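Student: Please read through the structure below; I'll follow up with questions.
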Amino acid sequence: MIKELAKSVREYKAASILTPIFVTFEVILECLIPFVIAKLGKAIDVAEGMTVDLNEILMYGGILVAMAVVSLLCGACSGAFCAKASTGFAKNLRKDMYYKIQDFSFENIDKFSTPSLVTRMTTDVTNVQFSYMMIIRIAVRCPMMMIFSLVMAFVMGGNLGWIFVAVIPPLGGALFFIMRKAMPLFRRVFRKYDKLNESIQENVRGIRVVKSFSREDYEKHKFDIAATELQKDFTRAERILAWNNPVMQFFFYAVLTTVLFVGSYLILKSNGATTDVFTVSQLIVYGMQILMSLMMFSMVFVMIVMSAESARRVCEILNEKSTLESPENAVREVADGSVSFEKVNFKYASAAERNVLENIDISIRSGETIGIIGGTGSSKTSLVNLISRLYDVTEGEVKVGGINVKEYDLTALRNQVAVVLQKNELFSGTIKENLRWGDENATDEELVEACKLAQADEFIRSFPDGYDTYIEQGGTNVSGGQKQRLCIARALLKKPKILILDDSTSAVDTRTDALIRKGFRDYIPETTKIIIAQRTSSVEDADRIIVMDGGRIDAVGTHSELLGKNAIYTEVYTTQNKGEAQDEA
């Protein structure tokens, strides 16, 4: 896990190395300053009748000021380099995760929920960032401060230094016990974060549905449950960690009392010959530094415990291998739009008990218009997803242009297969910018031509800003039918050899639907067109119609061949045209 995360440090290695170097110099100077203060105190506190050596006082005073200034500069430099290293590391980590997710297949994406991916790229990366910041600075400073302070305590106080050595094991054991109790709670917290984000995302995405059904109170209650569960786990963890401070205070005052008692005894016993007030006072400073180092180290440990689960979740993304990859020496040219399914069986997971598609065996000629119709859950979309290799078949072969899709370069294949979904996405930006997702180099004339084919040009020109009209996030400022037509135009700009319309004209009227299909016949006759539809009117003029039922092909034929001969198609057609037939009667 550490090795995987370290790959994201990259150009911030120098800053990551310089941070502990400056921290080391800062710690050394901070440990020497009490020693110099003690020397300065002894130079000032001369016996009665003796002359004060002003040069000695000035020398120690100058050294003290110089050390304080250099220590301050080292601290500032370590802070600056630490900030650069940690924020840069987090930037690279998010970038690596985002790039990795872009390469995921649908199967990989199905493995991680969207709220979980959002949590991993935000909260989890932030936790890892804070942990990294503490590791390269605080985790270096604390043990070094403790070691150097112990050394100086023995240098100045001799055997008094053993008091500090004696307190470290019980204090360290108490802090470790506290952390061990808190660790499982922090691990559980991040799973609760996913549930909370899921509640927020569902509510925001479906806010119109929530309001139309007046379910605001239900959504508030669901959110309260998720937030309360998260709060309870955090409270339990923080309640345990709250023992940190009183435990530290107890040991600090115990050490302070012991040093003062033993130090006072030695001062009185030796009459200041071996131990004096200045030595004892600076020993207390070293004791404070040692105990504070332990306390800070315990906080670093807390952050590491919290971020360990975050780091594991981040590495799950980074280590995930896409189930779909381009082969070596991949084919980069698609000859034509012909498609063939040869004894295809498919299921989404290897552990699934039944296939989603079974015994699919059909050939589609290049330029042919194919309609696909069937009830909800008949696996129409699953069928077309195999063409652009969004999933791999479980058994059999899918061929495009006479070549198995597994032999193609994924980008080359998908550039020749344009898919328009029923609920396609528009992105924030102008209409032109959204259309150029199909072809970033498309001219304005090509944009207009594609929109005319998709019956979108007329409503675009009705907007005050025309093609420069700004589309809000998710296309909320255009209607469902307008959004679908823009998505069809975007797909046409790819100039694909295969065009798949997955119920993508469901929100337009039958007249507009007919005009779109007529445009396809007249202007892109060589493109293979596969139209998934719920309305038989959308596929009546197709060269062939595939009727799906329960993941199998129930029948294949033209409208006239299927009508009256295939029970499923006849039932759908009769139901949809019952009103018209009654009117004619």
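Every chain in the structure tokens has a letter given in the order shown (A, B, ...), and although residue numbers restart at 1 in each chain, ligands are simply numbered from 1 in the order shown.
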With a distance cut-off of 7 Å and only C-alpha atoms, select the neighbouring residues of A:Ala533, excluding the residue or stretch itself and same-chain residues fewer than 5 positions from it, and output the selection as a PDB file with N, CA and C atoms, in the first residue's frame.

Tutor:
ATOM      1  N   ILE A 372     -34.984  -3.114 -32.330  1.00  0.00           N
ATOM      2  CA  ILE A 372     -35.009  -4.095 -31.237  1.00  0.00           C
ATOM      3  C   ILE A 372     -36.149  -3.701 -30.314  1.00  0.00           C
ATOM      4  N   ILE A 373     -37.027  -4.644 -30.044  1.00  0.00           N
ATOM      5  CA  ILE A 373     -38.186  -4.377 -29.209  1.00  0.00           C
ATOM      6  C   ILE A 373     -38.370  -5.522 -28.231  1.00  0.00           C
ATOM      7  N   ASP A 502     -30.605   3.870 -28.042  1.00  0.00           N
ATOM      8  CA  ASP A 502     -31.191   3.056 -26.978  1.00  0.00           C
ATOM      9  C   ASP A 502     -32.381   3.796 -26.368  1.00  0.00           C
ATOM     10  N   ASP A 503     -33.540   3.625 -27.010  1.00  0.00           N
ATOM     11  CA  ASP A 503     -34.768   4.288 -26.566  1.00  0.00           C
ATOM     12  C   ASP A 503     -34.547   5.798 -26.439  1.00  0.00           C
ATOM     13  N   SER A 538     -41.551   3.368 -34.000  1.00  0.00           N
ATOM     14  CA  SER A 538     -40.144   3.766 -34.157  1.00  0.00           C
ATOM     15  C   SER A 538     -39.335   2.745 -34.941  1.00  0.00           C
TER      16      SER A 538
END

Student: Could you please write out, as a ChimeraX atom specification, every residue of stretch 312-453 of chain A that DSSP assigns to strand (DSSP E or B)?

Tutor: /A:331,339-346,357-364,369-374,395-400,403-404,408,417-420,429-430

Student: Please produce an output containing C-alpha atoms for each residue in the selection, written as a PDB file, in the first residue's frame.

Tutor:
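Everything below was put into again35.pdb:
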ATOM      1  CA  VAL A 331      -6.652  -3.714 -34.838  1.00  0.00           C
ATOM      2  CA  VAL A 339     -22.200  -6.882 -36.635  1.00  0.00           C
ATOM      3  CA  SER A 340     -22.551 -10.551 -35.829  1.00  0.00           C
ATOM      4  CA  PHE A 341     -23.356 -12.393 -32.604  1.00  0.00           C
ATOM      5  CA  GLU A 342     -22.189 -15.996 -32.703  1.00  0.00           C
ATOM      6  CA  LYS A 343     -23.628 -18.280 -30.010  1.00  0.00           C
ATOM      7  CA  VAL A 344     -23.315 -15.517 -27.405  1.00  0.00           C
ATOM      8  CA  ASN A 345     -24.055 -16.078 -23.733  1.00  0.00           C
ATOM      9  CA  PHE A 346     -23.504 -13.291 -21.222  1.00  0.00           C
ATOM     10  CA  LEU A 357     -28.311 -13.160 -22.610  1.00  0.00           C
ATOM     11  CA  GLU A 358     -28.583 -16.714 -23.917  1.00  0.00           C
ATOM     12  CA  ASN A 359     -27.886 -18.291 -27.283  1.00  0.00           C
ATOM     13  CA  ILE A 360     -27.766 -15.043 -29.256  1.00  0.00           C
ATOM     14  CA  ASP A 361     -27.005 -15.846 -32.886  1.00  0.00           C
ATOM     15  CA  ILE A 362     -27.647 -13.145 -35.508  1.00  0.00           C
ATOM     16  CA  SER A 363     -25.821 -11.246 -38.257  1.00  0.00           C
ATOM     17  CA  ILE A 364     -26.411  -7.586 -39.158  1.00  0.00           C
ATOM     18  CA  THR A 369     -31.437  -0.567 -39.985  1.00  0.00           C
ATOM     19  CA  ILE A 370     -32.307  -2.916 -37.143  1.00  0.00           C
ATOM     20  CA  GLY A 371     -35.094  -2.405 -34.634  1.00  0.00           C
ATOM     21  CA  ILE A 372     -35.009  -4.095 -31.237  1.00  0.00           C
ATOM     22  CA  ILE A 373     -38.186  -4.377 -29.209  1.00  0.00           C
ATOM     23  CA  GLY A 374     -39.134  -6.233 -26.081  1.00  0.00           C
ATOM     24  CA  GLU A 395     -19.325 -17.367 -24.173  1.00  0.00           C
ATOM     25  CA  GLY A 396     -19.272 -16.991 -27.927  1.00  0.00           C
ATOM     26  CA  GLU A 397     -18.090 -14.079 -30.074  1.00  0.00           C
ATOM     27  CA  VAL A 398     -19.226 -10.616 -31.095  1.00  0.00           C
ATOM     28  CA  LYS A 399     -17.739  -9.405 -34.378  1.00  0.00           C
ATOM     29  CA  VAL A 400     -17.719  -5.909 -35.857  1.00  0.00           C
ATOM     30  CA  ILE A 403     -13.331  -9.073 -36.574  1.00  0.00           C
ATOM     31  CA  ASN A 404     -13.832 -10.142 -32.963  1.00  0.00           C
ATOM     32  CA  TYR A 408      -9.718  -4.139 -31.588  1.00  0.00           C
ATOM     33  CA  VAL A 417     -19.762   2.946 -32.437  1.00  0.00           C
ATOM     34  CA  ALA A 418     -21.913   5.865 -31.291  1.00  0.00           C
ATOM     35  CA  VAL A 419     -24.441   5.175 -28.536  1.00  0.00           C
ATOM     36  CA  VAL A 420     -27.310   7.492 -27.590  1.00  0.00           C
ATOM     37  CA  GLY A 429     -21.023  24.495 -21.264  1.00  0.00           C
ATOM     38  CA  THR A 430     -22.423  25.867 -24.509  1.00  0.00           C
TER      39      THR A 430
END

Student: For A:Glu4, which residue among A:Ala489, A:Val572, A:Asn477, A:Ala311 is the nearest when counting only C-alpha atoms?

Tutor: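 Between A:Ala489, A:Val572, A:Asn477, A:Ala311, the residue approaching A:Glu4 most closely is A:Ala311.
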
Student: Using only C-alpha atoms, which of the listed residues (A:Asp233, A:Leu563, A:Leu318, A:Leu291) sits closest to A:Arg94?

Tutor: A:Leu318

Student: For A:Leu453, work out the shell of residues within 10 Å, counting only C-alpha atoms and skipping chain neighbours fewer than 6 positions away, then give it as a ChimeraX atom specification.

Tutor: /A:485,488-489,492,515-520,522-524

Student: Could you state the separation of atom CA of A:Phe89 and atom CA of A:Tyr132 in Å, given to one decimal place?

Tutor: 8.4 Å

Student: DSSP on the backbone: what in stretch 185-382 of chain A comes out alpha helix (DSSP H), as an MDAnalysis selection string?

Tutor: chainID A and resid 185:205 207:212 216:241 244:270 277:319 380:382

Student: Using C-alpha atoms, can you export the residues from the last selection as a compact mmCIF listing (two decimals), in the first residue's frame?

Tutor:
# COMPACT_ATOMS: atom_id res chain seq x y z
CA LEU A 185 -14.24 2.73 15.21
CA PHE A 186 -12.39 4.86 12.69
CA ARG A 187 -12.41 1.98 10.22
CA ARG A 188 -16.19 1.74 10.56
CA VAL A 189 -16.67 5.49 10.14
CA PHE A 190 -15.65 5.57 6.47
CA ARG A 191 -18.26 3.01 5.48
CA LYS A 192 -20.81 5.33 7.09
CA TYR A 193 -19.44 8.20 4.99
CA ASP A 194 -20.40 6.25 1.85
CA LYS A 195 -23.98 5.87 3.08
CA LEU A 196 -24.20 9.56 3.92
CA ASN A 197 -22.89 10.58 0.49
CA GLU A 198 -25.27 8.12 -1.14
CA SER A 199 -28.22 9.75 0.63
CA ILE A 200 -27.08 13.24 -0.45
CA GLN A 201 -26.39 12.25 -4.05
CA GLU A 202 -29.70 10.46 -4.53
CA ASN A 203 -31.60 13.39 -3.08
CA VAL A 204 -29.86 16.05 -5.17
CA ARG A 205 -30.08 14.03 -8.39
CA ILE A 207 -34.82 16.46 -6.23
CA ARG A 208 -37.63 16.99 -8.77
CA VAL A 209 -39.06 13.54 -8.04
CA VAL A 210 -38.75 14.15 -4.29
CA LYS A 211 -40.73 17.38 -4.55
CA SER A 212 -43.32 16.03 -6.96
CA GLU A 216 -39.02 15.84 1.62
CA ASP A 217 -39.75 14.61 5.16
CA TYR A 218 -38.85 11.02 4.21
CA GLU A 219 -35.55 12.14 2.65
CA LYS A 220 -34.77 14.27 5.71
CA HIS A 221 -35.41 11.28 7.95
CA LYS A 222 -33.16 9.05 5.81
CA PHE A 223 -30.40 11.66 5.91
CA ASP A 224 -30.79 12.07 9.69
CA ILE A 225 -30.32 8.33 10.18
CA ALA A 226 -27.10 8.28 8.13
CA ALA A 227 -25.75 11.44 9.78
CA THR A 228 -26.64 10.22 13.28
CA GLU A 229 -24.95 6.85 12.78
CA LEU A 230 -21.82 8.63 11.58
CA GLN A 231 -21.97 11.02 14.55
CA LYS A 232 -22.33 8.14 17.03
CA ASP A 233 -19.25 6.33 15.74
CA PHE A 234 -17.21 9.53 15.73
CA THR A 235 -18.39 10.30 19.27
CA ARG A 236 -17.33 6.86 20.50
CA ALA A 237 -13.91 7.29 18.90
CA GLU A 238 -13.45 10.83 20.21
CA ARG A 239 -14.58 9.74 23.70
CA ILE A 240 -11.74 7.24 23.75
CA LEU A 241 -9.24 9.72 22.36
CA ASN A 244 -5.12 11.36 25.72
CA ASN A 245 -5.00 14.75 27.40
CA PRO A 246 -5.66 13.72 31.03
CA VAL A 247 -3.18 10.83 30.73
CA MET A 248 -0.56 13.25 29.41
CA GLN A 249 -1.34 15.77 32.16
CA PHE A 250 -1.00 13.10 34.84
CA PHE A 251 2.42 11.97 33.65
CA PHE A 252 3.56 15.56 33.07
CA TYR A 253 2.76 16.65 36.61
CA ALA A 254 4.17 13.41 38.00
CA VAL A 255 7.47 14.08 36.22
CA LEU A 256 7.43 17.76 37.21
CA THR A 257 6.88 16.87 40.88
CA THR A 258 9.59 14.21 40.83
CA VAL A 259 12.15 16.49 39.13
CA LEU A 260 11.39 19.36 41.54
CA PHE A 261 11.56 17.08 44.58
CA VAL A 262 14.74 15.25 43.59
CA GLY A 263 16.34 18.39 42.13
CA SER A 264 15.62 20.44 45.28
CA TYR A 265 17.07 17.65 47.40
CA LEU A 266 20.29 17.57 45.33
CA ILE A 267 20.61 21.37 45.39
CA LEU A 268 20.32 21.47 49.16
CA LYS A 269 22.57 18.47 49.62
CA SER A 270 25.40 19.81 47.38
CA VAL A 277 18.35 26.02 40.09
CA PHE A 278 19.11 26.76 36.42
CA THR A 279 19.85 23.11 35.71
CA VAL A 280 16.61 21.95 37.34
CA SER A 281 14.52 24.59 35.55
CA GLN A 282 15.90 23.59 32.15
CA LEU A 283 15.42 19.92 32.99
CA ILE A 284 11.73 20.74 33.42
CA VAL A 285 11.80 22.30 29.93
CA TYR A 286 13.33 19.11 28.51
CA GLY A 287 10.75 17.05 30.36
CA MET A 288 7.98 19.12 28.80
CA GLN A 289 9.55 18.65 25.36
CA ILE A 290 9.75 14.87 25.84
CA LEU A 291 6.16 14.54 27.03
CA MET A 292 4.81 16.90 24.37
CA SER A 293 6.68 14.88 21.75
CA LEU A 294 4.96 11.75 22.98
CA MET A 295 1.57 13.48 22.94
CA MET A 296 2.12 14.85 19.43
CA PHE A 297 3.30 11.43 18.30
CA SER A 298 0.08 9.93 19.67
CA MET A 299 -1.91 12.43 17.59
CA VAL A 300 0.14 11.44 14.54
CA PHE A 301 -0.73 7.86 15.34
CA VAL A 302 -4.42 8.80 15.52
CA MET A 303 -4.22 10.42 12.09
CA ILE A 304 -2.38 7.43 10.67
CA VAL A 305 -5.03 5.10 12.13
CA MET A 306 -7.78 7.20 10.54
CA SER A 307 -6.00 7.47 7.22
CA ALA A 308 -4.95 3.79 7.11
CA GLU A 309 -8.52 2.83 6.18
CA SER A 310 -8.66 5.77 3.75
CA ALA A 311 -5.36 4.70 2.21
CA ARG A 312 -6.66 1.15 1.79
CA ARG A 313 -9.78 2.45 0.02
CA VAL A 314 -7.69 4.70 -2.23
CA CYS A 315 -5.37 1.81 -3.11
CA GLU A 316 -8.39 -0.33 -3.99
CA ILE A 317 -9.01 2.11 -6.84
CA LEU A 318 -5.35 2.40 -7.84
CA ASN A 319 -4.83 -1.37 -7.81
CA LYS A 380 -32.07 -5.14 -25.05
CA THR A 381 -29.47 -2.73 -23.68
CA SER A 382 -27.23 -5.59 -22.51

Student: Have a look at atom CA of A:Glu320 and atom CA of A:Thr123 and let me know their distance in Å, one decimal.

Tutor: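 Between atom CA of A:Glu320 and atom CA of A:Thr123 the gap works out to 19.5 Å.
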
Student: Have a look at atom CA of A:Thr323 and atom CA of A:Phe104 and let me know their distance in Å, one decimal.

Tutor: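 Rounded to one decimal, the two atoms are 7.5 Å apart.
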
Student: For A:Ala6, list every protein, DNA or RNA residue within 12 Å, evaluated using only C-alpha atoms, and leave out those in the same chain fewer than 5 positions away; present the list as a PyMOL selection string.

Tutor: chain A and resi 1+11-13+16+85-86+89-90+92-93+96+128-129+132+311+315+318

Student: Keeping N, CA and C atoms for every residue in the selection just given, could you write it to a file as a compact mmCIF listing (two decimals), in the first residue's frame?

Tutor:
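What follows is the written file part-v6.txt:
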# COMPACT_ATOMS: atom_id res chain seq x y z
N MET A 1 0.83 -1.19 0.00
CA MET A 1 0.00 0.00 0.00
C MET A 1 0.87 1.26 0.00
N GLU A 11 6.98 14.55 -8.58
CA GLU A 11 7.77 15.78 -8.65
C GLU A 11 7.92 16.49 -7.30
N TYR A 12 7.26 15.95 -6.28
CA TYR A 12 7.35 16.58 -4.96
C TYR A 12 8.29 15.81 -4.02
N LYS A 13 9.16 14.98 -4.61
CA LYS A 13 10.14 14.24 -3.80
C LYS A 13 11.10 15.18 -3.09
N SER A 16 9.55 16.76 -0.19
CA SER A 16 9.32 15.74 0.84
C SER A 16 10.60 15.41 1.59
N ALA A 85 4.69 19.70 -0.41
CA ALA A 85 4.77 18.26 -0.64
C ALA A 85 3.42 17.58 -0.42
N SER A 86 2.72 17.92 0.66
CA SER A 86 1.46 17.24 1.00
C SER A 86 0.34 17.60 0.03
N PHE A 89 1.15 16.01 -3.32
CA PHE A 89 0.89 14.57 -3.24
C PHE A 89 -0.60 14.29 -3.39
N ALA A 90 -1.45 15.08 -2.69
CA ALA A 90 -2.90 14.89 -2.78
C ALA A 90 -3.40 15.18 -4.19
N ASN A 92 -1.73 14.81 -7.02
CA ASN A 92 -1.35 13.68 -7.88
C ASN A 92 -2.18 12.44 -7.58
N LEU A 93 -2.51 12.25 -6.30
CA LEU A 93 -3.30 11.08 -5.91
C LEU A 93 -4.70 11.15 -6.51
N ASP A 96 -4.34 10.54 -10.26
CA ASP A 96 -4.13 9.12 -10.57
C ASP A 96 -5.41 8.32 -10.42
N VAL A 128 -5.51 11.02 3.81
CA VAL A 128 -4.17 10.55 3.44
C VAL A 128 -3.20 11.73 3.33
N GLN A 129 -3.70 12.85 2.80
CA GLN A 129 -2.87 14.06 2.70
C GLN A 129 -2.41 14.54 4.07
N TYR A 132 0.16 12.17 5.46
CA TYR A 132 1.46 12.35 4.81
C TYR A 132 2.16 13.59 5.36
N ALA A 311 -6.41 5.11 3.14
CA ALA A 311 -5.36 4.70 2.21
C ALA A 311 -5.70 3.37 1.55
N CYS A 315 -6.17 2.82 -2.39
CA CYS A 315 -5.37 1.81 -3.11
C CYS A 315 -6.25 0.78 -3.81
N LEU A 318 -6.60 2.38 -7.09
CA LEU A 318 -5.35 2.40 -7.84
C LEU A 318 -4.92 1.01 -8.29

Student: Quick one: residues within 10 Å of A:Cys487, only C-alpha atoms, excluding same-chain residues fewer than 4 positions away - as an NGL selection string?

Tutor: :A and (419-426 or 434-435 or 437-438 or 451 or 454 or 456 or 481-483 or 491-492 or 504)

Student: Would you list the contacts of A:Met144 as a list in words, taking every protein, DNA or RNA residue within 12 Å and counting only C-alpha atoms, but skipping same-chain residues closer than 2 positions in sequence?

Tutor: Pro20, Ile21, Val23, Thr24, Phe25, Glu26, Val27, Ile28, Leu29, Glu30, Cys31, Arg137, Ile138, Ala139, Val140, Arg141, Cys142, Met146, Ile147, Phe148, Ser149, Leu150, Val151, Gln289, Ile290, Ser293, Leu294 and Phe297 of chain A

Student: Produce a file of the selected residues containing N, CA and C atoms, as a compact mmCIF listing (two decimals), in the first residue's frame.

Tutor:
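Okay, result-v8.txt is ready:
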# COMPACT_ATOMS: atom_id res chain seq x y z
N PRO A 20 11.91 16.97 6.31
CA PRO A 20 12.53 16.39 7.51
C PRO A 20 13.94 16.91 7.78
N ILE A 21 14.66 17.34 6.72
CA ILE A 21 16.00 17.90 6.93
C ILE A 21 15.91 19.19 7.75
N VAL A 23 13.40 20.10 9.59
CA VAL A 23 12.84 19.74 10.90
C VAL A 23 13.96 19.29 11.84
N THR A 24 14.90 18.52 11.32
CA THR A 24 16.02 18.03 12.13
C THR A 24 16.84 19.19 12.69
N PHE A 25 17.18 20.16 11.82
CA PHE A 25 17.94 21.32 12.29
C PHE A 25 17.14 22.11 13.32
N GLU A 26 15.83 22.24 13.09
CA GLU A 26 14.98 22.97 14.03
C GLU A 26 14.98 22.29 15.40
N VAL A 27 14.87 20.96 15.43
CA VAL A 27 14.84 20.22 16.68
C VAL A 27 16.17 20.35 17.43
N ILE A 28 17.27 20.21 16.71
CA ILE A 28 18.59 20.32 17.35
C ILE A 28 18.75 21.67 18.03
N LEU A 29 18.36 22.72 17.32
CA LEU A 29 18.49 24.07 17.89
C LEU A 29 17.56 24.26 19.09
N GLU A 30 16.34 23.73 19.00
CA GLU A 30 15.40 23.87 20.12
C GLU A 30 15.91 23.13 21.36
N CYS A 31 16.64 22.04 21.16
CA CYS A 31 17.18 21.28 22.29
C CYS A 31 18.44 21.94 22.88
N ARG A 137 6.74 15.53 8.67
CA ARG A 137 7.13 16.63 9.56
C ARG A 137 7.01 16.24 11.04
N ILE A 138 5.79 16.05 11.51
CA ILE A 138 5.58 15.79 12.94
C ILE A 138 6.15 14.44 13.36
N ALA A 139 5.97 13.41 12.50
CA ALA A 139 6.47 12.08 12.85
C ALA A 139 7.99 12.03 12.86
N VAL A 140 8.64 12.97 12.18
CA VAL A 140 10.10 13.08 12.24
C VAL A 140 10.50 13.91 13.46
N ARG A 141 9.76 14.96 13.70
CA ARG A 141 10.08 15.88 14.78
C ARG A 141 9.96 15.22 16.16
N CYS A 142 8.88 14.47 16.38
CA CYS A 142 8.59 13.93 17.71
C CYS A 142 9.66 12.98 18.24
N MET A 146 12.34 13.86 21.24
CA MET A 146 12.41 13.03 22.44
C MET A 146 13.84 12.53 22.67
N ILE A 147 14.51 12.08 21.62
CA ILE A 147 15.88 11.54 21.75
C ILE A 147 16.85 12.64 22.15
N PHE A 148 16.81 13.77 21.42
CA PHE A 148 17.75 14.86 21.72
C PHE A 148 17.50 15.45 23.10
N SER A 149 16.21 15.55 23.48
CA SER A 149 15.89 16.10 24.81
C SER A 149 16.40 15.16 25.91
N LEU A 150 16.26 13.84 25.69
CA LEU A 150 16.78 12.88 26.65
C LEU A 150 18.31 12.99 26.79
N VAL A 151 18.98 13.10 25.65
CA VAL A 151 20.45 13.24 25.67
C VAL A 151 20.86 14.49 26.45
N GLN A 289 9.32 18.97 26.77
CA GLN A 289 9.55 18.65 25.36
C GLN A 289 9.37 17.16 25.09
N ILE A 290 9.87 16.33 26.01
CA ILE A 290 9.75 14.87 25.84
C ILE A 290 8.29 14.45 25.88
N SER A 293 6.34 15.67 22.93
CA SER A 293 6.68 14.88 21.75
C SER A 293 5.87 13.59 21.73
N LEU A 294 5.75 12.97 22.90
CA LEU A 294 4.96 11.75 22.98
C LEU A 294 3.49 12.02 22.67
N PHE A 297 3.14 12.69 19.03
CA PHE A 297 3.30 11.43 18.30
C PHE A 297 2.03 10.59 18.39
